[in-house]
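entry_25.pdb (PDB, C-alpha atoms and all ligand atoms) appears below.
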```pdb
ATOM      1  CA  MET S 223       2.296  -2.552 -34.023  1.00  0.00           C
ATOM      2  CA  PRO S 224       0.325  -2.343 -30.771  1.00  0.00           C
ATOM      3  CA  ARG S 225       0.573   0.931 -28.965  1.00  0.00           C
ATOM      4  CA  VAL S 226       2.698   0.865 -25.857  1.00  0.00           C
ATOM      5  CA  ARG S 227       0.825   2.157 -22.848  1.00  0.00           C
ATOM      6  CA  LEU S 228       0.547   1.743 -19.122  1.00  0.00           C
ATOM      7  CA  THR S 229      -1.890  -0.945 -18.171  1.00  0.00           C
ATOM      8  CA  ASN S 230      -4.661   0.056 -15.807  1.00  0.00           C
ATOM      9  CA  LYS S 231      -2.994  -2.076 -13.191  1.00  0.00           C
ATOM     10  CA  ASP S 232       0.230  -0.061 -13.335  1.00  0.00           C
ATOM     11  CA  ASP S 233      -1.754   3.121 -13.166  1.00  0.00           C
ATOM     12  CA  THR S 234      -3.679   1.887 -10.147  1.00  0.00           C
ATOM     13  CA  LYS S 235      -0.459   0.861  -8.472  1.00  0.00           C
ATOM     14  CA  VAL S 236       1.025   4.333  -8.826  1.00  0.00           C
ATOM     15  CA  GLN S 237      -2.091   5.909  -7.365  1.00  0.00           C
ATOM     16  CA  ILE S 238      -2.360   3.486  -4.460  1.00  0.00           C
ATOM     17  CA  MET S 239       1.329   4.041  -3.722  1.00  0.00           C
ATOM     18  CA  LYS S 240       0.646   7.790  -3.486  1.00  0.00           C
ATOM     19  CA  ILE S 241      -2.137   7.218  -0.979  1.00  0.00           C
ATOM     20  CA  PHE S 242       0.029   5.068   1.255  1.00  0.00           C
ATOM     21  CA  LYS S 243       2.816   7.646   1.161  1.00  0.00           C
ATOM     22  CA  ARG S 244       0.344  10.332   2.180  1.00  0.00           C
ATOM     23  CA  PHE S 245      -0.385   8.415   5.366  1.00  0.00           C
ATOM     24  CA  ASP S 246       3.198   8.616   6.605  1.00  0.00           C
ATOM     25  CA  LYS S 247       2.036  11.313   8.979  1.00  0.00           C
ATOM     26  CA  ASP S 248       5.231  11.729  10.945  1.00  0.00           C
ATOM     27  CA  GLY S 249       7.390  11.665   7.806  1.00  0.00           C
ATOM     28  CA  ASP S 250       9.814   8.978   8.970  1.00  0.00           C
ATOM     29  CA  SER S 251       9.513   6.973   5.697  1.00  0.00           C
ATOM     30  CA  GLN S 252       7.958   4.125   7.650  1.00  0.00           C
ATOM     31  CA  LEU S 253       4.310   3.197   7.897  1.00  0.00           C
ATOM     32  CA  SER S 254       3.116   1.943  11.266  1.00  0.00           C
ATOM     33  CA  LYS S 255       0.174  -0.409  11.613  1.00  0.00           C
ATOM     34  CA  THR S 256      -2.011   2.575  12.520  1.00  0.00           C
ATOM     35  CA  GLU S 257      -0.910   4.468   9.408  1.00  0.00           C
ATOM     36  CA  LEU S 258      -1.483   1.396   7.220  1.00  0.00           C
ATOM     37  CA  LYS S 259      -4.909   0.972   8.726  1.00  0.00           C
ATOM     38  CA  ALA S 260      -5.809   4.577   7.913  1.00  0.00           C
ATOM     39  CA  ALA S 261      -4.556   4.120   4.346  1.00  0.00           C
ATOM     40  CA  PHE S 262      -6.618   0.960   3.840  1.00  0.00           C
ATOM     41  CA  ALA S 263      -9.649   2.749   5.284  1.00  0.00           C
ATOM     42  CA  GLU S 264      -9.069   5.501   2.711  1.00  0.00           C
ATOM     43  CA  LEU S 265      -9.002   2.822  -0.004  1.00  0.00           C
ATOM     44  CA  GLY S 266     -12.398   1.669   1.185  1.00  0.00           C
ATOM     45  CA  ALA S 267     -11.359  -1.523   2.946  1.00  0.00           C
ATOM     46  CA  LYS S 268     -14.109  -3.228   4.908  1.00  0.00           C
ATOM     47  CA  TRP S 269     -11.685  -4.438   7.517  1.00  0.00           C
ATOM     48  CA  PRO S 270      -8.806  -1.947   7.506  1.00  0.00           C
ATOM     49  CA  ALA S 271      -7.306  -3.299  10.738  1.00  0.00           C
ATOM     50  CA  PHE S 272      -7.156  -6.779   9.251  1.00  0.00           C
ATOM     51  CA  ARG S 273      -5.664  -5.479   5.994  1.00  0.00           C
ATOM     52  CA  ALA S 274      -3.020  -3.566   7.938  1.00  0.00           C
ATOM     53  CA  TRP S 275      -2.107  -6.701   9.861  1.00  0.00           C
ATOM     54  CA  GLU S 276      -2.041  -8.729   6.670  1.00  0.00           C
ATOM     55  CA  GLY S 277       0.070  -6.100   4.902  1.00  0.00           C
ATOM     56  CA  LEU S 278       2.635  -6.185   7.681  1.00  0.00           C
ATOM     57  CA  ARG S 279       2.688  -9.956   7.727  1.00  0.00           C
ATOM     58  CA  HIS S 280       3.136  -9.987   3.966  1.00  0.00           C
ATOM     59  CA  ALA S 281       5.705  -7.233   3.509  1.00  0.00           C
ATOM     60  CA  ASP S 282       7.565  -6.509   6.760  1.00  0.00           C
ATOM     61  CA  ASP S 283      10.780  -8.232   5.702  1.00  0.00           C
ATOM     62  CA  ASN S 284      12.938  -7.025   8.587  1.00  0.00           C
ATOM     63  CA  GLY S 285      10.229  -7.692  11.175  1.00  0.00           C
ATOM     64  CA  ASP S 286      10.342  -4.313  12.882  1.00  0.00           C
ATOM     65  CA  GLY S 287       6.552  -3.916  12.742  1.00  0.00           C
ATOM     66  CA  LEU S 288       6.829  -1.014  10.301  1.00  0.00           C
ATOM     67  CA  ILE S 289       6.614  -0.827   6.537  1.00  0.00           C
ATOM     68  CA  SER S 290       9.610   0.923   5.018  1.00  0.00           C
ATOM     69  CA  ILE S 291       8.375   3.137   2.189  1.00  0.00           C
ATOM     70  CA  ASP S 292      11.587   2.582   0.228  1.00  0.00           C
ATOM     71  CA  LYS S 293      12.007  -1.134   0.736  1.00  0.00           C
ATOM     72  CA  GLU S 294       8.749  -2.749   1.779  1.00  0.00           C
ATOM     73  CA  LEU S 295       5.822  -0.625   0.637  1.00  0.00           C
ATOM     74  CA  ASP S 296       5.990  -1.980  -2.918  1.00  0.00           C
ATOM     75  CA  LYS S 297       4.844  -5.394  -1.695  1.00  0.00           C
ATOM     76  CA  VAL S 298       1.936  -3.947   0.277  1.00  0.00           C
ATOM     77  CA  VAL S 299       0.820  -2.001  -2.778  1.00  0.00           C
ATOM     78  CA  ASP S 300       1.108  -5.061  -5.042  1.00  0.00           C
ATOM     79  CA  HIS S 301      -0.961  -6.958  -2.535  1.00  0.00           C
ATOM     80  CA  ALA S 302      -3.593  -4.205  -2.440  1.00  0.00           C
ATOM     81  CA  VAL S 303      -3.736  -4.159  -6.248  1.00  0.00           C
ATOM     82  CA  ASN S 304      -4.134  -7.941  -6.311  1.00  0.00           C
ATOM     83  CA  LEU S 305      -6.964  -7.647  -3.804  1.00  0.00           C
ATOM     84  CA  GLY S 306      -8.684  -5.405  -6.314  1.00  0.00           C
ATOM     85  CA  TYR S 307      -8.361  -2.037  -4.603  1.00  0.00           C
ATOM     86  CA  THR S 308      -8.664   0.859  -6.996  1.00  0.00           C
ATOM     87  CA  VAL S 309      -8.490   4.607  -6.749  1.00  0.00           C
ATOM     88  CA  ASN S 310     -11.067   6.808  -8.391  1.00  0.00           C
TER      89      ASN S 310
HETATM   90 CA    CA S 401       9.908  -3.216   8.256  1.00  0.00          CA
END
```

Will you turn the file into structure tokens for me?
Amino acid sequence: MPRVRLTNKDDTKVQIMKIFKRFDKDGDSQLSKTELKAAFAELGAKWPAFRAWEGLRHADDNGDGLISIDKELDKVVDHAVNLGYTVN
């Protein structure tokens, strides 16, 4: 029987999620474009402003220009993982 374990990808996802949550500076459970940009910069993005824009375009389901941590952040994080971002 193979051992059951978290894949590295799941692990990375959890850690990236934590970073994004840390950038909700005003604690409203929403990430603004500025907060997303800061989070992507923290992840080492070359073009954090572009990634923030892309994240919003990709995950802002209700179109309010903010990423809801409860409802929309998951998609941004998946996207970041797919782009190959990792946390050391
Ligand atoms: Ca939204």

- Using all atoms listed in the file, determine which residues lie at most 10 Å from Asp300 (chain S), disregarding the query and same-chain residues fewer than 5 positions distant; provide the list as number ranges by chain. S: 231-232, 234-235, 238-239, 281, 295, 305-307

- Got a sec to check which residues lie within 9 Å of ligand CA 401 (chain S), using all atoms listed in the file, and send them as a ChimeraX atom specification? /S:252-253,278,281-291,293-294

Would you export the selected residues with C-alpha atoms as a tab-separated table (two decimals), keeping the file's coordinate frame, please?
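As a result, part-v9.tsv now contains:
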```tsv
chain	number	residue	atom	x	y	z
S	252	GLN	CA	7.96	4.12	7.65
S	253	LEU	CA	4.31	3.20	7.90
S	278	LEU	CA	2.64	-6.18	7.68
S	281	ALA	CA	5.70	-7.23	3.51
S	282	ASP	CA	7.56	-6.51	6.76
S	283	ASP	CA	10.78	-8.23	5.70
S	284	ASN	CA	12.94	-7.02	8.59
S	285	GLY	CA	10.23	-7.69	11.18
S	286	ASP	CA	10.34	-4.31	12.88
S	287	GLY	CA	6.55	-3.92	12.74
S	288	LEU	CA	6.83	-1.01	10.30
S	289	ILE	CA	6.61	-0.83	6.54
S	290	SER	CA	9.61	0.92	5.02
S	291	ILE	CA	8.38	3.14	2.19
S	293	LYS	CA	12.01	-1.13	0.74
S	294	GLU	CA	8.75	-2.75	1.78
```

- Note on the structure: In Å and to one decimal, CA of Phe262 (chain S) is distant from CA of Asp248 (chain S) by 17.5 Å

- Tell me which protein, DNA and RNA residues are within 9 Å of Glu257 (chain S), counting all atoms listed in the file, leaving out same-chain ones fewer than 5 positions away, and put them as a list in words.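 Counting all atoms listed in the file, the residues come to Phe242, Phe245, Asp246, Lys247, Phe262 and Ala274 of chain S.
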
- What does the distance between CA of Ala263 (chain S) and CA of Asn230 (chain S) come to in Å, to one decimal place?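 Value for the CA of Ala263 (chain S)-CA of Asn230 (chain S) distance: 21.8 Å.
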
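Of the residues listed (S:Ala260, S:Ile241, S:Val298, S:Ala271), S:Ile241 shows the shortest atom-to-atom separation from Asn310 (chain S); distances use all atoms listed in the file.
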
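If you look at CA of Ser251 (chain S) and CA of Val309 (chain S), they are 22.0 Å away from each other.
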
- Restricting the calculation to all atoms listed in the file, which member of S:Glu264, S:Val236, S:Lys243, S:Lys255 is positioned closest to Arg279 (chain S)?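 Among the listed residues, the smallest separation from Arg279 (chain S) belongs to S:Lys255.
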
- Query: Given the choices S:Gly249, S:Ala302, S:Lys297, S:Trp275, which gets closest to Gln237 (chain S) if the distance is worked out from all atoms listed in the file?
  - Reply: S:Ala302

- Between S:Asp292, S:Thr308, S:Thr256, S:Asp250, which is the closest to Arg273 (chain S) once you count only C-alpha atoms?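 The shortest atom-to-atom distance to Arg273 (chain S) comes from S:Thr256.
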
Find the smallest box with edges along x, y and z containing every listed atom of region 297-307 of chain S, then add 6 Å on each side and report centre and edge lengths in Å to one decimal, as AutoDock Vina command-line options.
```
--center_x -1.9 --center_y -5.0 --center_z -3.0 --size_x 25.5 --size_y 17.9 --size_z 18.6
```
